[in-house]
Structures are given as C-alpha cells and as structure tokens.
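J.: my_file-v1.txt is reproduced in full below (compact mmCIF, C-alpha atoms (C1' of nucleotides)).
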```txt
# COMPACT_ATOMS: atom_id res chain seq x y z
CA MET A 1 0.00 0.00 0.00
CA PRO A 2 2.00 2.98 -1.21
CA THR A 3 1.13 6.61 -0.74
CA ASP A 4 -2.63 6.68 -0.75
CA THR A 5 -3.85 10.24 -0.66
CA THR A 6 -7.52 9.42 -0.89
CA SER A 7 -7.95 6.79 1.78
CA PRO A 8 -9.54 8.11 4.94
CA ARG A 9 -6.74 6.90 7.12
CA ALA A 10 -7.38 6.88 10.81
CA PRO A 11 -4.86 9.04 12.61
CA SER A 12 -5.10 7.41 15.98
CA GLY A 13 -8.45 7.13 17.57
CA SER A 14 -10.46 7.42 14.41
CA ARG A 15 -14.08 7.81 14.81
CA SER A 16 -14.67 7.57 11.11
CA LEU A 17 -17.19 9.82 9.44
CA GLU A 18 -19.21 8.79 6.45
CA HIS A 19 -18.97 10.96 3.39
CA PRO A 20 -20.83 10.47 0.15
CA ALA A 21 -18.65 9.59 -2.82
CA ARG A 22 -18.31 12.34 -5.35
CA GLU A 23 -20.56 10.64 -7.87
CA ASP A 24 -23.31 10.33 -5.29
CA ILE A 25 -23.58 14.05 -4.66
CA ARG A 26 -26.82 15.52 -6.01
CA ILE A 27 -27.35 19.15 -6.82
CA ALA A 28 -30.77 19.30 -5.21
CA GLU A 29 -29.29 18.07 -1.96
CA VAL A 30 -26.43 20.51 -2.14
CA LEU A 31 -28.85 23.35 -2.71
CA HIS A 32 -30.95 22.16 0.17
CA ALA A 33 -27.91 22.03 2.40
CA LEU A 34 -27.00 25.58 1.40
CA ALA A 35 -30.54 26.90 1.76
CA ASP A 36 -30.30 27.37 5.50
CA PRO A 37 -28.95 30.68 6.83
CA MET A 38 -26.94 28.97 9.53
CA ARG A 39 -25.36 26.53 7.13
CA LEU A 40 -24.71 29.22 4.58
CA ARG A 41 -22.81 31.04 7.28
CA ILE A 42 -20.76 27.96 8.02
CA VAL A 43 -19.93 27.47 4.38
CA ARG A 44 -18.93 31.07 3.97
CA ALA A 45 -16.66 30.84 6.96
CA LEU A 46 -15.06 27.68 5.64
CA ALA A 47 -14.55 29.22 2.23
CA ALA A 48 -12.97 32.29 3.77
CA ALA A 49 -10.66 30.25 5.97
CA GLU A 50 -9.40 28.25 3.01
CA GLY A 51 -7.86 25.75 5.39
CA GLU A 52 -9.55 23.77 8.05
CA LEU A 53 -11.68 25.04 10.85
CA ASN A 54 -12.62 23.69 14.18
CA CYS A 55 -16.33 23.42 14.77
CA ALA A 56 -16.17 25.92 17.54
CA ASP A 57 -14.22 28.41 15.46
CA ILE A 58 -17.42 29.51 13.81
CA GLU A 59 -19.66 31.50 16.05
CA LEU A 60 -23.25 30.57 15.66
CA PRO A 61 -26.25 31.73 17.66
CA VAL A 62 -27.47 28.20 18.24
CA SER A 63 -26.80 25.45 20.72
CA LYS A 64 -23.97 23.00 20.32
CA SER A 65 -26.28 20.15 19.37
CA THR A 66 -27.86 22.20 16.65
CA CYS A 67 -24.43 23.09 15.41
CA THR A 68 -23.49 19.43 15.20
CA HIS A 69 -26.69 18.82 13.30
CA HIS A 70 -25.88 21.44 10.67
CA PHE A 71 -22.38 20.15 10.17
CA ARG A 72 -23.72 16.70 9.69
CA VAL A 73 -26.23 17.85 7.10
CA LEU A 74 -23.48 19.59 5.18
CA ARG A 75 -21.26 16.52 5.33
CA GLU A 76 -23.96 14.01 4.41
CA HIS A 77 -24.94 16.06 1.40
CA GLY A 78 -21.37 16.29 0.20
CA VAL A 79 -20.69 19.95 0.88
CA ILE A 80 -17.98 19.62 3.50
CA GLN A 81 -15.58 17.01 4.69
CA GLN A 82 -14.79 16.36 8.31
CA LEU A 83 -12.07 14.45 10.02
CA TYR A 84 -11.05 14.04 13.57
CA ARG A 85 -7.73 15.33 14.74
CA GLY A 86 -7.34 14.57 18.35
CA THR A 87 -10.22 16.03 20.22
CA ALA A 88 -11.17 18.53 17.58
CA LYS A 89 -12.89 17.94 14.28
CA MET A 90 -11.55 19.75 11.31
CA ASN A 91 -13.92 20.88 8.61
CA GLY A 92 -13.27 21.86 5.05
CA LEU A 93 -15.26 22.63 1.94
CA ARG A 94 -15.18 19.92 -0.71
CA ARG A 95 -14.38 22.50 -3.31
CA ALA A 96 -12.60 20.21 -5.73
CA ASP A 97 -15.46 17.74 -5.87
CA LEU A 98 -18.15 20.38 -6.04
CA ASP A 99 -16.35 22.42 -8.66
CA GLU A 100 -15.94 19.40 -10.86
CA LEU A 101 -19.55 18.30 -10.48
CA PHE A 102 -21.18 21.71 -10.62
CA PRO A 103 -18.68 24.20 -11.95
CA GLY A 104 -19.48 27.73 -10.92
CA LEU A 105 -22.15 26.79 -8.46
CA ILE A 106 -20.25 27.29 -5.24
CA ASP A 107 -18.61 30.41 -6.55
CA GLY A 108 -22.00 31.80 -7.48
CA VAL A 109 -23.46 31.01 -4.11
CA LEU A 110 -20.53 32.46 -2.19
CA ARG A 111 -20.43 35.59 -4.29
CA GLY A 112 -24.17 36.05 -4.07
CA ALA A 113 -24.11 35.58 -0.33
CA GLU A 114 -21.32 38.08 0.04
CA LEU A 115 -23.05 40.65 -2.13
CA GLN A 116 -26.23 40.24 -0.15
CA ALA A 117 -24.40 40.55 3.15
CA ARG A 118 -22.74 43.72 1.93
CA ARG A 119 -26.03 45.07 0.66
CA LEU A 120 -27.85 44.42 3.89
CA GLY A 121 -24.99 45.07 6.25
CA GLU A 122 -23.92 48.57 5.42
CA GLU A 123 -26.50 51.23 4.79
CA MET B 124 -49.59 60.10 -11.24
CA PRO B 125 -47.87 60.02 -14.65
CA THR B 126 -46.53 57.03 -16.50
CA ASP B 127 -45.91 54.46 -13.85
CA THR B 128 -44.00 51.58 -15.33
CA THR B 129 -43.78 49.62 -12.12
CA SER B 130 -47.40 49.57 -11.13
CA PRO B 131 -48.99 46.17 -11.57
CA ARG B 132 -51.60 47.39 -13.99
CA ALA B 133 -54.54 45.12 -14.47
CA PRO B 134 -54.91 44.01 -18.08
CA SER B 135 -58.57 43.28 -17.96
CA GLY B 136 -59.77 40.84 -15.39
CA SER B 137 -56.65 41.01 -13.30
CA ARG B 138 -56.22 38.55 -10.63
CA SER B 139 -53.07 40.23 -9.50
CA LEU B 140 -50.15 38.17 -8.27
CA GLU B 141 -47.81 39.36 -5.59
CA HIS B 142 -44.15 39.34 -6.40
CA PRO B 143 -41.35 40.34 -4.06
CA ALA B 144 -39.44 43.46 -5.07
CA ARG B 145 -35.94 42.82 -6.27
CA GLU B 146 -34.35 44.15 -3.12
CA ASP B 147 -36.43 41.79 -1.01
CA ILE B 148 -35.13 38.64 -2.64
CA ARG B 149 -32.91 36.62 -0.34
CA ILE B 150 -30.36 34.10 -1.48
CA ALA B 151 -31.31 31.55 1.15
CA GLU B 152 -34.89 31.63 -0.06
CA VAL B 153 -33.86 31.34 -3.68
CA LEU B 154 -31.71 28.34 -2.84
CA HIS B 155 -34.56 26.83 -0.92
CA ALA B 156 -36.88 27.35 -3.84
CA LEU B 157 -34.39 25.67 -6.15
CA ALA B 158 -33.66 22.80 -3.80
CA ASP B 159 -36.69 20.78 -4.82
CA PRO B 160 -36.39 18.41 -7.78
CA MET B 161 -39.78 19.37 -9.11
CA ARG B 162 -39.06 23.07 -8.92
CA LEU B 163 -35.61 22.63 -10.38
CA ARG B 164 -37.29 20.95 -13.31
CA ILE B 165 -39.65 23.86 -13.73
CA VAL B 166 -36.82 26.36 -13.64
CA ARG B 167 -34.80 24.39 -16.16
CA ALA B 168 -37.77 24.26 -18.49
CA LEU B 169 -38.34 27.99 -18.14
CA ALA B 170 -34.69 28.73 -18.78
CA ALA B 171 -34.70 26.53 -21.84
CA ALA B 172 -37.85 28.10 -23.21
CA GLU B 173 -36.42 31.60 -22.87
CA GLY B 174 -39.86 33.06 -23.36
CA GLU B 175 -42.92 32.42 -21.35
CA LEU B 176 -44.52 29.13 -20.56
CA ASN B 177 -47.97 28.11 -19.63
CA CYS B 178 -48.22 26.20 -16.39
CA ALA B 179 -49.43 23.12 -18.19
CA ASP B 180 -46.61 23.26 -20.74
CA ILE B 181 -44.31 21.66 -18.25
CA GLU B 182 -45.04 18.04 -17.64
CA LEU B 183 -44.74 17.14 -14.01
CA PRO B 184 -45.58 13.88 -12.31
CA VAL B 185 -47.65 15.58 -9.64
CA SER B 186 -51.21 16.72 -9.25
CA LYS B 187 -52.45 20.09 -10.40
CA SER B 188 -52.66 21.48 -6.90
CA THR B 189 -49.10 20.48 -6.16
CA CYS B 190 -48.05 22.12 -9.36
CA THR B 191 -49.74 25.34 -8.35
CA HIS B 192 -47.99 25.12 -5.02
CA HIS B 193 -44.54 24.85 -6.59
CA PHE B 194 -45.14 27.74 -8.92
CA ARG B 195 -46.24 29.84 -6.01
CA VAL B 196 -43.14 28.99 -4.00
CA LEU B 197 -40.97 29.98 -6.93
CA ARG B 198 -42.85 33.23 -7.37
CA GLU B 199 -42.96 34.19 -3.71
CA HIS B 200 -39.24 33.65 -3.38
CA GLY B 201 -38.48 35.79 -6.39
CA VAL B 202 -37.37 33.13 -8.83
CA ILE B 203 -40.11 33.46 -11.41
CA GLN B 204 -42.67 35.99 -12.44
CA GLN B 205 -46.21 35.15 -13.36
CA LEU B 206 -48.93 37.05 -15.04
CA TYR B 207 -52.36 36.18 -16.26
CA ARG B 208 -53.12 36.30 -19.91
CA GLY B 209 -56.64 35.35 -20.46
CA THR B 210 -57.26 32.00 -18.97
CA ALA B 211 -53.64 30.99 -18.94
CA LYS B 212 -50.88 32.09 -16.64
CA MET B 213 -47.55 32.81 -18.20
CA ASN B 214 -44.37 32.09 -16.30
CA GLY B 215 -40.88 33.39 -16.79
CA LEU B 216 -37.60 33.34 -14.96
CA ARG B 217 -36.60 36.60 -13.31
CA ARG B 218 -33.17 36.33 -14.82
CA ALA B 219 -32.39 40.03 -14.89
CA ASP B 220 -33.17 40.49 -11.22
CA LEU B 221 -31.44 37.33 -10.13
CA ASP B 222 -28.37 37.97 -12.23
CA GLU B 223 -27.98 41.41 -10.80
CA LEU B 224 -28.47 40.28 -7.22
CA PHE B 225 -26.50 37.06 -7.42
CA PRO B 226 -24.39 37.08 -10.56
CA GLY B 227 -23.49 33.63 -11.72
CA LEU B 228 -25.79 31.84 -9.34
CA ILE B 229 -28.53 30.86 -11.75
CA ASP B 230 -26.05 30.01 -14.44
CA GLY B 231 -24.19 27.77 -12.04
CA VAL B 232 -27.34 26.04 -10.92
CA LEU B 233 -28.60 25.50 -14.45
CA ARG B 234 -25.29 24.27 -15.69
CA GLY B 235 -24.82 21.99 -12.70
CA ALA B 236 -28.29 20.58 -13.13
CA GLU B 237 -27.68 19.94 -16.79
CA LEU B 238 -24.36 18.24 -16.16
CA GLN B 239 -25.92 16.05 -13.53
CA ALA B 240 -28.82 15.13 -15.79
CA ARG B 241 -26.39 14.22 -18.52
CA ARG B 242 -24.28 12.23 -16.12
CA LEU B 243 -27.20 10.28 -14.73
CA GLY B 244 -29.22 10.05 -17.88
CA GLU B 245 -26.86 8.36 -20.30
CA GLU B 246 -24.79 5.43 -19.17
C1' DG C 247 -6.30 7.76 36.70
C1' DC C 248 -9.12 12.04 36.73
C1' DA C 249 -10.90 16.19 35.22
C1' DG C 250 -11.77 19.16 31.42
C1' DT C 251 -12.95 20.00 26.64
C1' DC C 252 -15.02 19.04 22.26
C1' DA C 253 -18.35 16.89 20.01
C1' DT C 254 -22.17 13.11 19.49
C1' DA C 255 -26.43 10.63 20.58
C1' DC C 256 -30.95 10.55 21.87
C1' DG C 257 -35.47 12.03 22.82
C1' DA C 258 -38.76 15.72 22.52
C1' DT C 259 -41.23 19.41 20.33
C1' DA C 260 -42.99 22.60 17.31
C1' DG C 261 -43.25 24.18 12.76
C1' DC C 262 -42.81 23.75 7.90
C1' DC C 263 -43.38 21.23 3.48
C1' DG C 264 -44.79 18.22 -0.37
C1' DT C 265 -48.53 15.82 -1.67
C1' DC C 266 -53.32 14.95 -2.54
C1' DG C 267 -58.54 15.49 -3.46
C1' DT C 268 -62.42 18.21 -3.80
C1' DA C 269 -64.82 22.32 -4.29
C1' DC C 270 -64.59 26.83 -6.33
C1' DT C 271 -63.46 30.97 -9.40
C1' DA C 272 -62.16 33.30 -13.74
C1' DC C 273 -62.01 33.66 -18.49
C1' DG C 274 -63.01 32.49 -23.49
C1' DG C 275 -65.69 30.56 -27.13
C1' DT C 276 -69.81 29.03 -29.13
C1' DA D 277 -76.31 32.24 -21.56
C1' DC D 278 -73.80 28.19 -21.09
C1' DC D 279 -70.02 24.94 -20.95
C1' DG D 280 -65.24 23.76 -20.97
C1' DT D 281 -60.65 24.79 -19.62
C1' DA D 282 -57.01 26.63 -16.54
C1' DG D 283 -55.85 27.58 -12.27
C1' DT D 284 -56.81 28.58 -6.97
C1' DA D 285 -58.38 27.71 -2.19
C1' DC D 286 -58.80 24.89 1.50
C1' DG D 287 -58.25 21.20 4.49
C1' DA D 288 -55.83 17.05 5.53
C1' DC D 289 -51.96 14.14 6.34
C1' DG D 290 -47.49 12.13 6.73
C1' DG D 291 -42.78 13.27 6.83
C1' DC D 292 -39.04 16.04 7.42
C1' DT D 293 -36.36 19.65 10.04
C1' DA D 294 -34.50 23.11 13.17
C1' DT D 295 -34.12 23.63 17.71
C1' DC D 296 -33.24 22.40 22.45
C1' DG D 297 -31.51 19.93 26.86
C1' DT D 298 -29.31 16.34 28.94
C1' DA D 299 -26.52 12.40 29.05
C1' DT D 300 -22.59 10.06 26.89
C1' DG D 301 -18.31 9.18 24.45
C1' DA D 302 -13.40 10.43 22.92
C1' DC D 303 -9.19 12.51 23.53
C1' DT D 304 -5.52 15.74 26.17
C1' DG D 305 -3.04 17.18 29.96
C1' DC D 306 -2.13 17.14 34.68
```
Represent the structure from my file as structure tokens, please.
T.:
Amino acid sequence: MPTDTTSPRAPSGSRSLEHPAREDIRIAEVLHALADPMRLRIVRALAAAEGELNCADIELPVSKSTCTHHFRVLREHGVIQQLYRGTAKMNGLRRADLDELFPGLIDGVLRGAELQARRLGEE
Amino acid sequence: MPTDTTSPRAPSGSRSLEHPAREDIRIAEVLHALADPMRLRIVRALAAAEGELNCADIELPVSKSTCTHHFRVLREHGVIQQLYRGTAKMNGLRRADLDELFPGLIDGVLRGAELQARRLGEE
DNA sequence: GCAGTCATACGATAGCCGTCGTACTACGGT
DNA sequence: ACCGTAGTACGACGGCTATCGTATGACTGC
C-alpha cells in the first residue's frame, strides 16, 4: 500500500465519518444544504478560511447540538468534509469535488451571499 | 400620477399576483426554492424556453394542486414571475433580477443541473 | 487515573413542506 | 347564456427539520 492520498486513514483514535462519494452528490441536496442561513454562514466561513476550521471556530447563535446537526447535514450532502484530529474535528469545503460536479455553483453562491451581506450590512 | 412603469396594472380581469421586489429577494430563499427536484425541473424548463410558458406546458408527475404550489413557491421567493393572460398564466424566470443580485448563481445552478442530468441520464 | 474539553447521541417538540382530493373561481368561445 | 378549460383555495396528512436539553463518548493534559 504505497502513498494513498484518498484513503480516509485513521490518525489514531479514528471515529470515522461517512462521506458520500463524489458521484453520489446531487445538486438538489447541495442546494438544500445551502438553503439554511446557519449553514450558509458555516460554508462562507469555511470558504474564507481556506484551510480547516474547528467546529467551535465559527460563532453561531445556536446550541452546540444544533451546530453538530448542521455540520452533519453539510457533510452528508457532500458539501464539506470532516475528520477528527485529536479532540477537535476539522472541517473543510469539498471545493474540488463540487467544482468538478457543478462548476461555478459554489462560486456563485458564495459571491451572491457576500453581495447580499454587503447590501444588507452597510446602509 | 404620470406614466408608472412599475405599477402592476390590471390588463382586464386582473387577478393580481404578488411578487417580491428585487431588493427583497434573499439568497437563502432562492436556494430553498431551487432545492426541490420538481421546482428545479420547472426552472430548467423555463430557462430553456427563454420566453414564457404556460403552467401546463411543463409536464410534471404531480397533481395540479401540487403544481400550483410549486409555482407559487418559486414566485414568492423571487425566482419566477407570473402574469395572467386570459385563462392561462404565463411564467418566466426573473433572470435580470437574479443575475444582478447574485451574478453567476442561476447560471451555475442551471449548468450543474444539466451536467448532472447528462451524467445520470446516459450510461 | 481524573478532570476538562469538544463533540455526538438521543429524545422531545414545534413548525414547515410536499402531496393529494375536492370544491370553487375566472375567463373564453360558441 | 352556457359549458369547458385553466388555475386557486382549503383542508388534511405524513414526513421532514430546526431547535433544544441532557446524558454520553473520545481525547488531552495534569
């Protein structure tokens, strides 16, 4: 087993998270995942951070359980990927997969969300 | 009150339909409206037709009431515009408004949906 | 080993949503 | 004036969903 960059290797403890394969991602589900203000906020934060973010790094006005719920929805619909690293769980956008499946979609959503935030935020 | 181009003038009978103003359209609501397979189908048909389509011109495997419901959701969230013309109701995408508010969003959704349809449809 | 931290699981609850059928309204043509 | 067609209104129903609180599990550091 040489260098395998795609296998979800288990660092140590490894609670393994289920992610849909790229070919199983559906646009309607992605849109549904993005159609919630809280989740849109999460996705925007992840896109801005470029790297990986701890769950708690994103401030949300909801309880911790609700937060977990939203992250799970995003993961199960193929929008983000999560992996455990010690006690924290790192989250990242699945940009490569999404861009290949639906080119321009994520960019459009992020740009639209930013424009709207700017429009509503400052005036 | 001179020439008022924005007033929803009543052609003759005029059951008037309420549409949100452009500045009231929210991206989360648009995404939600698009996140349903049936509605995505409607939007794709409208985009393909370029012009206006009768409600019944789009074949959907749902009852007439459900169809009405989906069209209303799309209208109330700012995705389509509807107006009565005699006994029929013509539907059209609000491309200009959507493209100005969220440039690239609709294109990304339509393209992604088409790619997915092609991917799933022929193999 | 024990406590603290980060996140999950589970159960509950209230609200929304997609779907339907039936009854009704509006318009156009004959 | 009437009928047919196109669409709406309304009520119902089952399922999903966003939210919460509390209890539990996993890992780190002392």
J.: Pick the closest to chain B from A:Leu31, A:Arg85, A:Gly78, A:Ala48: which is it, counting all atoms listed in the file?
T.: A:Leu31
J.: Hey, list the chain C side of the contact with chain B: 10 Å cut-off, all atoms listed in the file, answer as number ranges by chain.
T.: C: 264-267, 272-274
J.: Just to confirm, what's the straight-line distance from atom CA of Glu76 of chain A to atom CA of Arg242 of chain B in Å (one decimal)?
T.: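 We find that atom CA of Glu76 of chain A and atom CA of Arg242 of chain B lie 20.6 Å from each other.
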J.: Go ahead and compute the interatomic distance for atom CA of Pro143 of chain B and atom CA of Gln204 of chain B, in Å to one decimal.
T.: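 One can read the atom CA of Pro143 of chain B to atom CA of Gln204 of chain B distance as 9.5 Å.
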J.: Name the residues, using the chain letters and numbers of the file, that sit within 12 Å of (-5.6, 17.8, 28.5) when counting all atoms listed in the file, and give them as JSON, numbers by chain.
T.: {"A": [86, 87], "C": [248, 249, 250, 251, 252], "D": [303, 304, 305, 306]}
J.: For C-alpha atoms (C1' of nucleotides), I'd like the residues from the last selection saved as a short mmCIF file (atom, residue, chain, number, x, y, z; two decimals), in the coordinates of the input.
T.:
```cif
data_model
loop_
_atom_site.label_atom_id
_atom_site.label_comp_id
_atom_site.auth_asym_id
_atom_site.auth_seq_id
_atom_site.Cartn_x
_atom_site.Cartn_y
_atom_site.Cartn_z
CA GLY A 86 -7.34 14.57 18.35
CA THR A 87 -10.22 16.03 20.22
"C1'" DC C 248 -9.12 12.04 36.73
"C1'" DA C 249 -10.90 16.19 35.22
"C1'" DG C 250 -11.77 19.16 31.42
"C1'" DT C 251 -12.95 20.00 26.64
"C1'" DC C 252 -15.02 19.04 22.26
"C1'" DC D 303 -9.19 12.51 23.53
"C1'" DT D 304 -5.52 15.74 26.17
"C1'" DG D 305 -3.04 17.18 29.96
"C1'" DC D 306 -2.13 17.14 34.68
#
```
J.: Distance limit 12 Å, atoms considered: only C-alpha atoms. Which chain B residues sit that close to chain A? Return them as a ChimeraX atom specification.
T.: /B:145-164,221-243
J.: With only C-alpha atoms (C1' of nucleotides) counted and 12 Å as the cut-off, give the residues of chain D in contact with chain A, each with its shortest interatomic distance in Å and the pair that gives it, as CSV.
T.:
```
residue,atom,partner,partner_atom,distance
D:DT293,C1',A:His69,CA,10.2
D:DA294,C1',A:Thr66,CA,7.6
D:DT295,C1',A:Thr66,CA,6.5
D:DC296,C1',A:Ser63,CA,7.3
D:DG297,C1',A:Ser65,CA,9.1
D:DT298,C1',A:Ser65,CA,10.7
D:DG301,C1',A:Arg15,CA,10.6
D:DA302,C1',A:Thr87,CA,7.0
D:DC303,C1',A:Thr87,CA,4.9
D:DT304,C1',A:Thr87,CA,7.6
```
J.: What gap, in Å, lies between atom CA of Ile165 of chain B and atom CA of Leu183 of chain B?
T.: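 About the pair atom CA of Ile165 of chain B and atom CA of Leu183 of chain B: they are 8.4 Å apart.
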